[in-house]
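Structure below is protein.pdb: PDB, N, CA and C atoms.
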```
ATOM      1  N   MET Q   1       0.826  -1.204   0.000  1.00  0.00           N
ATOM      2  CA  MET Q   1       0.000   0.000   0.000  1.00  0.00           C
ATOM      3  C   MET Q   1       0.864   1.260   0.000  1.00  0.00           C
ATOM      4  N   ARG Q   2       1.947   1.234   0.750  1.00  0.00           N
ATOM      5  CA  ARG Q   2       2.827   2.401   0.846  1.00  0.00           C
ATOM      6  C   ARG Q   2       3.424   2.750  -0.515  1.00  0.00           C
ATOM      7  N   GLN Q   3       3.757   1.718  -1.307  1.00  0.00           N
ATOM      8  CA  GLN Q   3       4.336   1.954  -2.624  1.00  0.00           C
ATOM      9  C   GLN Q   3       3.371   2.778  -3.483  1.00  0.00           C
ATOM     10  N   GLY Q   4       2.097   2.440  -3.455  1.00  0.00           N
ATOM     11  CA  GLY Q   4       1.096   3.182  -4.220  1.00  0.00           C
ATOM     12  C   GLY Q   4       1.004   4.630  -3.779  1.00  0.00           C
ATOM     13  N   SER Q   5       1.084   4.850  -2.490  1.00  0.00           N
ATOM     14  CA  SER Q   5       1.040   6.211  -1.962  1.00  0.00           C
ATOM     15  C   SER Q   5       2.256   7.013  -2.411  1.00  0.00           C
ATOM     16  N   ASP Q   6       3.426   6.391  -2.356  1.00  0.00           N
ATOM     17  CA  ASP Q   6       4.648   7.069  -2.786  1.00  0.00           C
ATOM     18  C   ASP Q   6       4.594   7.413  -4.271  1.00  0.00           C
ATOM     19  N   ILE Q   7       4.110   6.468  -5.067  1.00  0.00           N
ATOM     20  CA  ILE Q   7       3.987   6.692  -6.513  1.00  0.00           C
ATOM     21  C   ILE Q   7       3.011   7.829  -6.785  1.00  0.00           C
ATOM     22  N   PHE Q   8       1.889   7.832  -6.069  1.00  0.00           N
ATOM     23  CA  PHE Q   8       0.907   8.896  -6.276  1.00  0.00           C
ATOM     24  C   PHE Q   8       1.459  10.253  -5.866  1.00  0.00           C
ATOM     25  N   GLN Q   9       2.149  10.322  -4.740  1.00  0.00           N
ATOM     26  CA  GLN Q   9       2.698  11.604  -4.291  1.00  0.00           C
ATOM     27  C   GLN Q   9       3.700  12.149  -5.303  1.00  0.00           C
ATOM     28  N   LYS Q  10       4.539  11.286  -5.843  1.00  0.00           N
ATOM     29  CA  LYS Q  10       5.509  11.727  -6.852  1.00  0.00           C
ATOM     30  C   LYS Q  10       4.792  12.215  -8.104  1.00  0.00           C
ATOM     31  N   PHE Q  11       3.804  11.454  -8.558  1.00  0.00           N
ATOM     32  CA  PHE Q  11       3.009  11.824  -9.729  1.00  0.00           C
ATOM     33  C   PHE Q  11       2.335  13.175  -9.499  1.00  0.00           C
ATOM     34  N   LEU Q  12       1.706  13.324  -8.344  1.00  0.00           N
ATOM     35  CA  LEU Q  12       0.996  14.566  -8.028  1.00  0.00           C
ATOM     36  C   LEU Q  12       1.966  15.743  -7.941  1.00  0.00           C
ATOM     37  N   ARG Q  13       3.088  15.538  -7.305  1.00  0.00           N
ATOM     38  CA  ARG Q  13       4.088  16.607  -7.183  1.00  0.00           C
ATOM     39  C   ARG Q  13       4.534  17.076  -8.572  1.00  0.00           C
ATOM     40  N   GLU Q  14       4.833  16.123  -9.445  1.00  0.00           N
ATOM     41  CA  GLU Q  14       5.261  16.481 -10.800  1.00  0.00           C
ATOM     42  C   GLU Q  14       4.180  17.259 -11.534  1.00  0.00           C
ATOM     43  N   ARG Q  15       2.935  16.831 -11.379  1.00  0.00           N
ATOM     44  CA  ARG Q  15       1.826  17.525 -12.049  1.00  0.00           C
ATOM     45  C   ARG Q  15       1.623  18.925 -11.492  1.00  0.00           C
ATOM     46  N   MET Q  16       1.698  19.069 -10.192  1.00  0.00           N
ATOM     47  CA  MET Q  16       1.494  20.392  -9.597  1.00  0.00           C
ATOM     48  C   MET Q  16       2.604  21.353  -9.995  1.00  0.00           C
ATOM     49  N   VAL Q  17       3.835  20.885  -9.967  1.00  0.00           N
ATOM     50  CA  VAL Q  17       4.965  21.747 -10.344  1.00  0.00           C
ATOM     51  C   VAL Q  17       4.835  22.144 -11.812  1.00  0.00           C
ATOM     52  N   SER Q  18       4.497  21.189 -12.659  1.00  0.00           N
ATOM     53  CA  SER Q  18       4.324  21.474 -14.084  1.00  0.00           C
ATOM     54  C   SER Q  18       3.206  22.499 -14.302  1.00  0.00           C
ATOM     55  N   PHE Q  19       2.094  22.310 -13.621  1.00  0.00           N
ATOM     56  CA  PHE Q  19       0.959  23.226 -13.710  1.00  0.00           C
ATOM     57  C   PHE Q  19       1.380  24.633 -13.275  1.00  0.00           C
ATOM     58  N   ARG Q  20       2.045  24.712 -12.134  1.00  0.00           N
ATOM     59  CA  ARG Q  20       2.468  26.016 -11.594  1.00  0.00           C
ATOM     60  C   ARG Q  20       3.412  26.723 -12.557  1.00  0.00           C
ATOM     61  N   ARG Q  21       4.378  25.989 -13.059  1.00  0.00           N
ATOM     62  CA  ARG Q  21       5.356  26.598 -13.963  1.00  0.00           C
ATOM     63  C   ARG Q  21       4.735  26.986 -15.300  1.00  0.00           C
ATOM     64  N   SER Q  22       3.843  26.153 -15.829  1.00  0.00           N
ATOM     65  CA  SER Q  22       3.231  26.460 -17.124  1.00  0.00           C
ATOM     66  C   SER Q  22       2.384  27.721 -17.062  1.00  0.00           C
ATOM     67  N   ARG Q  23       1.886  28.028 -15.889  1.00  0.00           N
ATOM     68  CA  ARG Q  23       1.084  29.236 -15.711  1.00  0.00           C
ATOM     69  C   ARG Q  23       1.898  30.381 -15.118  1.00  0.00           C
ATOM     70  N   ARG Q  24       3.191  30.126 -14.977  1.00  0.00           N
ATOM     71  CA  ARG Q  24       4.133  31.126 -14.466  1.00  0.00           C
ATOM     72  C   ARG Q  24       3.702  31.705 -13.119  1.00  0.00           C
ATOM     73  N   LEU Q  25       3.303  30.790 -12.245  1.00  0.00           N
ATOM     74  CA  LEU Q  25       2.890  31.174 -10.897  1.00  0.00           C
ATOM     75  C   LEU Q  25       4.047  30.971  -9.938  1.00  0.00           C
ATOM     76  N   SER Q  26       4.182  31.884  -9.020  1.00  0.00           N
ATOM     77  CA  SER Q  26       5.162  31.700  -7.954  1.00  0.00           C
ATOM     78  C   SER Q  26       4.640  30.626  -7.002  1.00  0.00           C
ATOM     79  N   LYS Q  27       5.519  30.125  -6.168  1.00  0.00           N
ATOM     80  CA  LYS Q  27       5.082  29.159  -5.159  1.00  0.00           C
ATOM     81  C   LYS Q  27       4.045  29.798  -4.241  1.00  0.00           C
ATOM     82  N   GLU Q  28       4.253  31.058  -3.939  1.00  0.00           N
ATOM     83  CA  GLU Q  28       3.309  31.764  -3.067  1.00  0.00           C
ATOM     84  C   GLU Q  28       1.931  31.877  -3.719  1.00  0.00           C
ATOM     85  N   ALA Q  29       1.896  32.264  -4.979  1.00  0.00           N
ATOM     86  CA  ALA Q  29       0.606  32.386  -5.678  1.00  0.00           C
ATOM     87  C   ALA Q  29      -0.074  31.030  -5.803  1.00  0.00           C
ATOM     88  N   PHE Q  30       0.710  29.996  -6.101  1.00  0.00           N
ATOM     89  CA  PHE Q  30       0.119  28.668  -6.244  1.00  0.00           C
ATOM     90  C   PHE Q  30      -0.389  28.145  -4.905  1.00  0.00           C
ATOM     91  N   SER Q  31       0.295  28.488  -3.834  1.00  0.00           N
ATOM     92  CA  SER Q  31      -0.164  28.050  -2.512  1.00  0.00           C
ATOM     93  C   SER Q  31      -1.560  28.600  -2.211  1.00  0.00           C
ATOM     94  N   GLU Q  32      -1.861  29.775  -2.744  1.00  0.00           N
ATOM     95  CA  GLU Q  32      -3.198  30.338  -2.568  1.00  0.00           C
ATOM     96  C   GLU Q  32      -4.242  29.477  -3.281  1.00  0.00           C
ATOM     97  N   TYR Q  33      -3.893  28.949  -4.468  1.00  0.00           N
ATOM     98  CA  TYR Q  33      -4.785  28.035  -5.186  1.00  0.00           C
ATOM     99  C   TYR Q  33      -5.139  26.839  -4.322  1.00  0.00           C
ATOM    100  N   LEU Q  34      -4.127  26.350  -3.588  1.00  0.00           N
ATOM    101  CA  LEU Q  34      -4.293  25.124  -2.807  1.00  0.00           C
ATOM    102  C   LEU Q  34      -4.805  25.382  -1.393  1.00  0.00           C
ATOM    103  N   HIS Q  35      -4.926  26.644  -1.044  1.00  0.00           N
ATOM    104  CA  HIS Q  35      -5.385  27.037   0.289  1.00  0.00           C
ATOM    105  C   HIS Q  35      -4.471  26.515   1.392  1.00  0.00           C
ATOM    106  N   VAL Q  36      -3.166  26.631   1.138  1.00  0.00           N
ATOM    107  CA  VAL Q  36      -2.156  26.291   2.138  1.00  0.00           C
ATOM    108  C   VAL Q  36      -1.188  27.467   2.222  1.00  0.00           C
ATOM    109  N   SER Q  37      -0.400  27.490   3.276  1.00  0.00           N
ATOM    110  CA  SER Q  37       0.586  28.565   3.409  1.00  0.00           C
ATOM    111  C   SER Q  37       1.701  28.373   2.389  1.00  0.00           C
ATOM    112  N   PRO Q  38       2.347  29.452   1.996  1.00  0.00           N
ATOM    113  CA  PRO Q  38       3.479  29.328   1.072  1.00  0.00           C
ATOM    114  C   PRO Q  38       4.564  28.395   1.620  1.00  0.00           C
ATOM    115  N   ARG Q  39       4.789  28.460   2.892  1.00  0.00           N
ATOM    116  CA  ARG Q  39       5.797  27.591   3.521  1.00  0.00           C
ATOM    117  C   ARG Q  39       5.393  26.121   3.407  1.00  0.00           C
ATOM    118  N   SER Q  40       4.133  25.843   3.626  1.00  0.00           N
ATOM    119  CA  SER Q  40       3.636  24.470   3.514  1.00  0.00           C
ATOM    120  C   SER Q  40       3.757  23.965   2.083  1.00  0.00           C
ATOM    121  N   TYR Q  41       3.371  24.802   1.116  1.00  0.00           N
ATOM    122  CA  TYR Q  41       3.480  24.369  -0.276  1.00  0.00           C
ATOM    123  C   TYR Q  41       4.936  24.116  -0.652  1.00  0.00           C
ATOM    124  N   ALA Q  42       5.833  24.998  -0.265  1.00  0.00           N
ATOM    125  CA  ALA Q  42       7.255  24.829  -0.589  1.00  0.00           C
ATOM    126  C   ALA Q  42       7.775  23.516  -0.011  1.00  0.00           C
ATOM    127  N   ALA Q  43       7.368  23.185   1.204  1.00  0.00           N
ATOM    128  CA  ALA Q  43       7.791  21.929   1.831  1.00  0.00           C
ATOM    129  C   ALA Q  43       7.237  20.732   1.058  1.00  0.00           C
ATOM    130  N   GLN Q  44       6.009  20.840   0.589  1.00  0.00           N
ATOM    131  CA  GLN Q  44       5.418  19.758  -0.197  1.00  0.00           C
ATOM    132  C   GLN Q  44       6.145  19.603  -1.520  1.00  0.00           C
ATOM    133  N   GLU Q  45       6.412  20.710  -2.187  1.00  0.00           N
ATOM    134  CA  GLU Q  45       7.096  20.651  -3.479  1.00  0.00           C
ATOM    135  C   GLU Q  45       8.519  20.111  -3.322  1.00  0.00           C
ATOM    136  N   ASN Q  46       9.139  20.385  -2.195  1.00  0.00           N
ATOM    137  CA  ASN Q  46      10.495  19.924  -1.932  1.00  0.00           C
ATOM    138  C   ASN Q  46      10.535  18.525  -1.317  1.00  0.00           C
ATOM    139  N   GLU Q  47       9.414  17.841  -1.336  1.00  0.00           N
ATOM    140  CA  GLU Q  47       9.297  16.453  -0.876  1.00  0.00           C
ATOM    141  C   GLU Q  47       9.541  16.265   0.612  1.00  0.00           C
ATOM    142  N   GLU Q  48       9.329  17.319   1.398  1.00  0.00           N
ATOM    143  CA  GLU Q  48       9.469  17.183   2.846  1.00  0.00           C
ATOM    144  C   GLU Q  48       8.280  16.433   3.426  1.00  0.00           C
ATOM    145  N   TYR Q  49       7.130  16.579   2.799  1.00  0.00           N
ATOM    146  CA  TYR Q  49       5.969  15.755   3.120  1.00  0.00           C
ATOM    147  C   TYR Q  49       4.994  15.802   1.963  1.00  0.00           C
ATOM    148  N   GLY Q  50       4.006  14.933   1.999  1.00  0.00           N
ATOM    149  CA  GLY Q  50       3.088  14.781   0.878  1.00  0.00           C
ATOM    150  C   GLY Q  50       1.950  15.785   0.872  1.00  0.00           C
ATOM    151  N   PHE Q  51       1.254  15.802  -0.243  1.00  0.00           N
ATOM    152  CA  PHE Q  51       0.094  16.676  -0.400  1.00  0.00           C
ATOM    153  C   PHE Q  51      -1.114  16.065   0.296  1.00  0.00           C
ATOM    154  N   SER Q  52      -1.934  16.911   0.860  1.00  0.00           N
ATOM    155  CA  SER Q  52      -3.137  16.448   1.538  1.00  0.00           C
ATOM    156  C   SER Q  52      -4.263  16.238   0.531  1.00  0.00           C
ATOM    157  N   ALA Q  53      -5.297  15.560   0.985  1.00  0.00           N
ATOM    158  CA  ALA Q  53      -6.483  15.355   0.150  1.00  0.00           C
ATOM    159  C   ALA Q  53      -7.113  16.701  -0.200  1.00  0.00           C
ATOM    160  N   LEU Q  54      -7.075  17.636   0.723  1.00  0.00           N
ATOM    161  CA  LEU Q  54      -7.650  18.958   0.464  1.00  0.00           C
ATOM    162  C   LEU Q  54      -6.867  19.691  -0.619  1.00  0.00           C
ATOM    163  N   SER Q  55      -5.532  19.626  -0.560  1.00  0.00           N
ATOM    164  CA  SER Q  55      -4.716  20.251  -1.607  1.00  0.00           C
ATOM    165  C   SER Q  55      -4.995  19.609  -2.955  1.00  0.00           C
ATOM    166  N   LEU Q  56      -5.104  18.293  -2.968  1.00  0.00           N
ATOM    167  CA  LEU Q  56      -5.429  17.575  -4.201  1.00  0.00           C
ATOM    168  C   LEU Q  56      -6.769  18.048  -4.756  1.00  0.00           C
ATOM    169  N   THR Q  57      -7.750  18.174  -3.910  1.00  0.00           N
ATOM    170  CA  THR Q  57      -9.084  18.591  -4.351  1.00  0.00           C
ATOM    171  C   THR Q  57      -9.057  19.996  -4.932  1.00  0.00           C
ATOM    172  N   PHE Q  58      -8.381  20.915  -4.267  1.00  0.00           N
ATOM    173  CA  PHE Q  58      -8.286  22.276  -4.806  1.00  0.00           C
ATOM    174  C   PHE Q  58      -7.525  22.283  -6.132  1.00  0.00           C
ATOM    175  N   PHE Q  59      -6.467  21.475  -6.234  1.00  0.00           N
ATOM    176  CA  PHE Q  59      -5.718  21.401  -7.477  1.00  0.00           C
ATOM    177  C   PHE Q  59      -6.609  20.886  -8.607  1.00  0.00           C
ATOM    178  N   LEU Q  60      -7.294  19.791  -8.372  1.00  0.00           N
ATOM    179  CA  LEU Q  60      -8.150  19.219  -9.412  1.00  0.00           C
ATOM    180  C   LEU Q  60      -9.244  20.190  -9.837  1.00  0.00           C
ATOM    181  N   SER Q  61      -9.733  20.988  -8.895  1.00  0.00           N
ATOM    182  CA  SER Q  61     -10.792  21.956  -9.227  1.00  0.00           C
ATOM    183  C   SER Q  61     -10.289  23.068 -10.143  1.00  0.00           C
ATOM    184  N   ARG Q  62      -8.972  23.250 -10.227  1.00  0.00           N
ATOM    185  CA  ARG Q  62      -8.382  24.279 -11.092  1.00  0.00           C
ATOM    186  C   ARG Q  62      -8.125  23.788 -12.518  1.00  0.00           C
ATOM    187  N   LEU Q  63      -8.190  22.483 -12.721  1.00  0.00           N
ATOM    188  CA  LEU Q  63      -7.919  21.925 -14.043  1.00  0.00           C
ATOM    189  C   LEU Q  63      -9.125  22.067 -14.956  1.00  0.00           C
ATOM    190  N   GLU Q  64      -8.862  22.324 -16.220  1.00  0.00           N
ATOM    191  CA  GLU Q  64      -9.912  22.324 -17.231  1.00  0.00           C
ATOM    192  C   GLU Q  64     -10.280  20.867 -17.509  1.00  0.00           C
ATOM    193  N   GLU Q  65     -11.440  20.641 -18.093  1.00  0.00           N
ATOM    194  CA  GLU Q  65     -11.916  19.276 -18.346  1.00  0.00           C
ATOM    195  C   GLU Q  65     -10.884  18.402 -19.077  1.00  0.00           C
ATOM    196  N   PRO Q  66     -10.285  18.869 -20.172  1.00  0.00           N
ATOM    197  CA  PRO Q  66      -9.293  18.017 -20.850  1.00  0.00           C
ATOM    198  C   PRO Q  66      -8.078  17.710 -19.962  1.00  0.00           C
ATOM    199  N   GLU Q  67      -7.657  18.687 -19.156  1.00  0.00           N
ATOM    200  CA  GLU Q  67      -6.524  18.474 -18.249  1.00  0.00           C
ATOM    201  C   GLU Q  67      -6.874  17.467 -17.167  1.00  0.00           C
ATOM    202  N   LEU Q  68      -8.096  17.565 -16.679  1.00  0.00           N
ATOM    203  CA  LEU Q  68      -8.558  16.650 -15.641  1.00  0.00           C
ATOM    204  C   LEU Q  68      -8.620  15.221 -16.175  1.00  0.00           C
ATOM    205  N   GLU Q  69      -9.153  15.070 -17.352  1.00  0.00           N
ATOM    206  CA  GLU Q  69      -9.221  13.749 -17.978  1.00  0.00           C
ATOM    207  C   GLU Q  69      -7.814  13.194 -18.209  1.00  0.00           C
ATOM    208  N   GLN Q  70      -6.907  14.040 -18.673  1.00  0.00           N
ATOM    209  CA  GLN Q  70      -5.532  13.612 -18.919  1.00  0.00           C
ATOM    210  C   GLN Q  70      -4.845  13.196 -17.622  1.00  0.00           C
ATOM    211  N   PHE Q  71      -5.107  13.926 -16.565  1.00  0.00           N
ATOM    212  CA  PHE Q  71      -4.547  13.605 -15.247  1.00  0.00           C
ATOM    213  C   PHE Q  71      -4.891  12.171 -14.864  1.00  0.00           C
ATOM    214  N   PHE Q  72      -6.165  11.826 -14.972  1.00  0.00           N
ATOM    215  CA  PHE Q  72      -6.597  10.482 -14.574  1.00  0.00           C
ATOM    216  C   PHE Q  72      -6.133   9.416 -15.559  1.00  0.00           C
ATOM    217  N   GLN Q  73      -6.095   9.712 -16.823  1.00  0.00           N
ATOM    218  CA  GLN Q  73      -5.579   8.746 -17.803  1.00  0.00           C
ATOM    219  C   GLN Q  73      -4.101   8.470 -17.547  1.00  0.00           C
ATOM    220  N   ASP Q  74      -3.341   9.508 -17.282  1.00  0.00           N
ATOM    221  CA  ASP Q  74      -1.915   9.329 -17.022  1.00  0.00           C
ATOM    222  C   ASP Q  74      -1.683   8.539 -15.740  1.00  0.00           C
ATOM    223  N   PHE Q  75      -2.485   8.806 -14.731  1.00  0.00           N
ATOM    224  CA  PHE Q  75      -2.325   8.054 -13.485  1.00  0.00           C
ATOM    225  C   PHE Q  75      -2.717   6.588 -13.684  1.00  0.00           C
ATOM    226  N   ARG Q  76      -3.760   6.349 -14.431  1.00  0.00           N
ATOM    227  CA  ARG Q  76      -4.150   4.968 -14.729  1.00  0.00           C
ATOM    228  C   ARG Q  76      -3.020   4.246 -15.447  1.00  0.00           C
ATOM    229  N   SER Q  77      -2.441   4.884 -16.443  1.00  0.00           N
ATOM    230  CA  SER Q  77      -1.316   4.284 -17.164  1.00  0.00           C
ATOM    231  C   SER Q  77      -0.151   3.989 -16.247  1.00  0.00           C
ATOM    232  N   LEU Q  78       0.154   4.924 -15.377  1.00  0.00           N
ATOM    233  CA  LEU Q  78       1.254   4.736 -14.437  1.00  0.00           C
ATOM    234  C   LEU Q  78       0.997   3.550 -13.513  1.00  0.00           C
ATOM    235  N   THR Q  79      -0.195   3.437 -12.996  1.00  0.00           N
ATOM    236  CA  THR Q  79      -0.486   2.319 -12.103  1.00  0.00           C
ATOM    237  C   THR Q  79      -0.471   0.992 -12.837  1.00  0.00           C
ATOM    238  N   GLU Q  80      -0.863   0.994 -14.095  1.00  0.00           N
ATOM    239  CA  GLU Q  80      -0.795  -0.229 -14.881  1.00  0.00           C
ATOM    240  C   GLU Q  80       0.656  -0.622 -15.134  1.00  0.00           C
ATOM    241  N   GLU Q  81       1.506   0.351 -15.419  1.00  0.00           N
ATOM    242  CA  GLU Q  81       2.935   0.096 -15.630  1.00  0.00           C
ATOM    243  C   GLU Q  81       3.583  -0.467 -14.367  1.00  0.00           C
ATOM    244  N   GLN Q  82       3.160   0.057 -13.222  1.00  0.00           N
ATOM    245  CA  GLN Q  82       3.725  -0.363 -11.932  1.00  0.00           C
ATOM    246  C   GLN Q  82       3.044  -1.622 -11.388  1.00  0.00           C
ATOM    247  N   ASP Q  83       2.038  -2.094 -12.104  1.00  0.00           N
ATOM    248  CA  ASP Q  83       1.278  -3.282 -11.704  1.00  0.00           C
ATOM    249  C   ASP Q  83       0.635  -3.108 -10.326  1.00  0.00           C
ATOM    250  N   LEU Q  84      -0.005  -1.969 -10.144  1.00  0.00           N
ATOM    251  CA  LEU Q  84      -0.689  -1.690  -8.876  1.00  0.00           C
ATOM    252  C   LEU Q  84      -2.171  -1.967  -8.991  1.00  0.00           C
TER     253      LEU Q  84
END
```

Starting from the file, give its structure as C-alpha cells.
Amino acid sequence: MRQGSDIFQKFLRERMVSFRRSRRLSKEAFSEYLHVSPRSYAAQENEEYGFSALSLTFFLSRLEEPELEQFFQDFRSLTEEQDL
C-alpha cells in the first residue's frame, strides 16, 4: 500500500509543479490556489511531506476538463505500468 502512496505523491508533485510553472505562478501564488501557506506548499514541493487530500481537491478543481481527464488517464497508465 505504501508503494502506491509514494507513486501517487511523486506523480501529483510532478503535475502540480508542471501546472504552476506552465502558468508562471510563484510558489506563493500557487499556494493560494491550494489554500495552504506558502511555507507548507514549498515543503510539499520539496518532498518534505506529501500533499493532503484537500490540496489535491483544490488542485483538481483548477484543471480544465481536458486536463482533468488527462490527469486520470496518465495516473491509470502509471499504475498499470507499476502493476498496482

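Non-sequential neighbours of Leu78 in chain Q (distance at most 12 Å, separation of 2 or more positions within a chain, only C-alpha atoms) are Q:Gly4, Q:Ile7, Q:Phe8, Q:Lys10, Q:Phe11, Q:Leu12, Q:Phe71, Q:Phe72, Q:Gln73, Q:Asp74, Q:Phe75, Q:Arg76, Q:Glu80, Q:Glu81, Q:Gln82, Q:Asp83, Q:Leu84.
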
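Put simply, CA of Asn46 in chain Q is 18.1 Å away from CA of Ser22 in chain Q.
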
Residues within 8 Å of Ser55 in chain Q, only N, CA and C atoms, excluding chain neighbours under 3 positions, as a short mmCIF file (atom, residue, chain, number, x, y, z; two decimals) with N, CA and C atoms, keeping the file's coordinate frame:
```
data_model
loop_
_atom_site.label_atom_id
_atom_site.label_comp_id
_atom_site.auth_asym_id
_atom_site.auth_seq_id
_atom_site.Cartn_x
_atom_site.Cartn_y
_atom_site.Cartn_z
N TYR Q 33 -3.89 28.95 -4.47
CA TYR Q 33 -4.78 28.04 -5.19
C TYR Q 33 -5.14 26.84 -4.32
N LEU Q 34 -4.13 26.35 -3.59
CA LEU Q 34 -4.29 25.12 -2.81
C LEU Q 34 -4.80 25.38 -1.39
N HIS Q 35 -4.93 26.64 -1.04
CA HIS Q 35 -5.38 27.04 0.29
C HIS Q 35 -4.47 26.52 1.39
N VAL Q 36 -3.17 26.63 1.14
CA VAL Q 36 -2.16 26.29 2.14
C VAL Q 36 -1.19 27.47 2.22
N PHE Q 51 1.25 15.80 -0.24
CA PHE Q 51 0.09 16.68 -0.40
C PHE Q 51 -1.11 16.07 0.30
N SER Q 52 -1.93 16.91 0.86
CA SER Q 52 -3.14 16.45 1.54
C SER Q 52 -4.26 16.24 0.53
N PHE Q 58 -8.38 20.92 -4.27
CA PHE Q 58 -8.29 22.28 -4.81
C PHE Q 58 -7.52 22.28 -6.13
N PHE Q 59 -6.47 21.48 -6.23
CA PHE Q 59 -5.72 21.40 -7.48
C PHE Q 59 -6.61 20.89 -8.61
N LEU Q 60 -7.29 19.79 -8.37
CA LEU Q 60 -8.15 19.22 -9.41
C LEU Q 60 -9.24 20.19 -9.84
N SER Q 61 -9.73 20.99 -8.90
CA SER Q 61 -10.79 21.96 -9.23
C SER Q 61 -10.29 23.07 -10.14
#
```

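Nearest residue to Arg13 in chain Q, choosing from Q:Glu45, Q:Glu65, Q:Thr57, Q:Phe30 and counting only N, CA and C atoms: Q:Glu45.
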
Selected residue of minimal separation from Leu56 in chain Q among Q:Met16, Q:Gln3, Q:Glu32, Q:Glu69, counting only C-alpha atoms: Q:Met16

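For the pair atom C of Gly50 in chain Q and CA of Gln9 in chain Q, the interatomic distance is 6.7 Å.
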
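Going from atom N of Glu28 in chain Q over to atom C of Glu47 in chain Q, you cover 16.4 Å.
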
Residues flagged alpha helix (DSSP H) by DSSP in chain Q, as a ChimeraX atom specification: /Q:2-22,27-34,38-45,53-62,65-81

Kindly provide, as lines of an AutoDock Vina configuration file, the centre and edge lengths (Å, one decimal) of an axis-aligned box around all atoms of range 3-14 of chain Q given in the file, with 8 Å on each side.
```
center_x = 3.2
center_y = 9.5
center_z = -6.4
size_x = 20.6
size_y = 31.5
size_z = 26.2
```

Starting from the point (-1.6, 21.4, -15.1), work out which residues of protein, DNA or RNA have an atom no more than 6 Å away when counting all atoms listed in the file; state them as a short mmCIF file (atom, residue, chain, number, x, y, z; two decimals) with N, CA and C atoms, keeping the file's coordinate frame.
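New file selection.cif:
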```cif
data_model
loop_
_atom_site.label_atom_id
_atom_site.label_comp_id
_atom_site.auth_asym_id
_atom_site.auth_seq_id
_atom_site.Cartn_x
_atom_site.Cartn_y
_atom_site.Cartn_z
N ARG Q 15 2.94 16.83 -11.38
CA ARG Q 15 1.83 17.52 -12.05
C ARG Q 15 1.62 18.92 -11.49
N SER Q 18 4.50 21.19 -12.66
CA SER Q 18 4.32 21.47 -14.08
C SER Q 18 3.21 22.50 -14.30
N PHE Q 19 2.09 22.31 -13.62
CA PHE Q 19 0.96 23.23 -13.71
C PHE Q 19 1.38 24.63 -13.28
N ARG Q 20 2.04 24.71 -12.13
CA ARG Q 20 2.47 26.02 -11.59
C ARG Q 20 3.41 26.72 -12.56
#
```

Contact residues around Lys27 in chain Q with only N, CA and C atoms at 6.5 Å, ignoring same-chain residues under 4 positions, as a ChimeraX atom specification: /Q:31-32,38,42
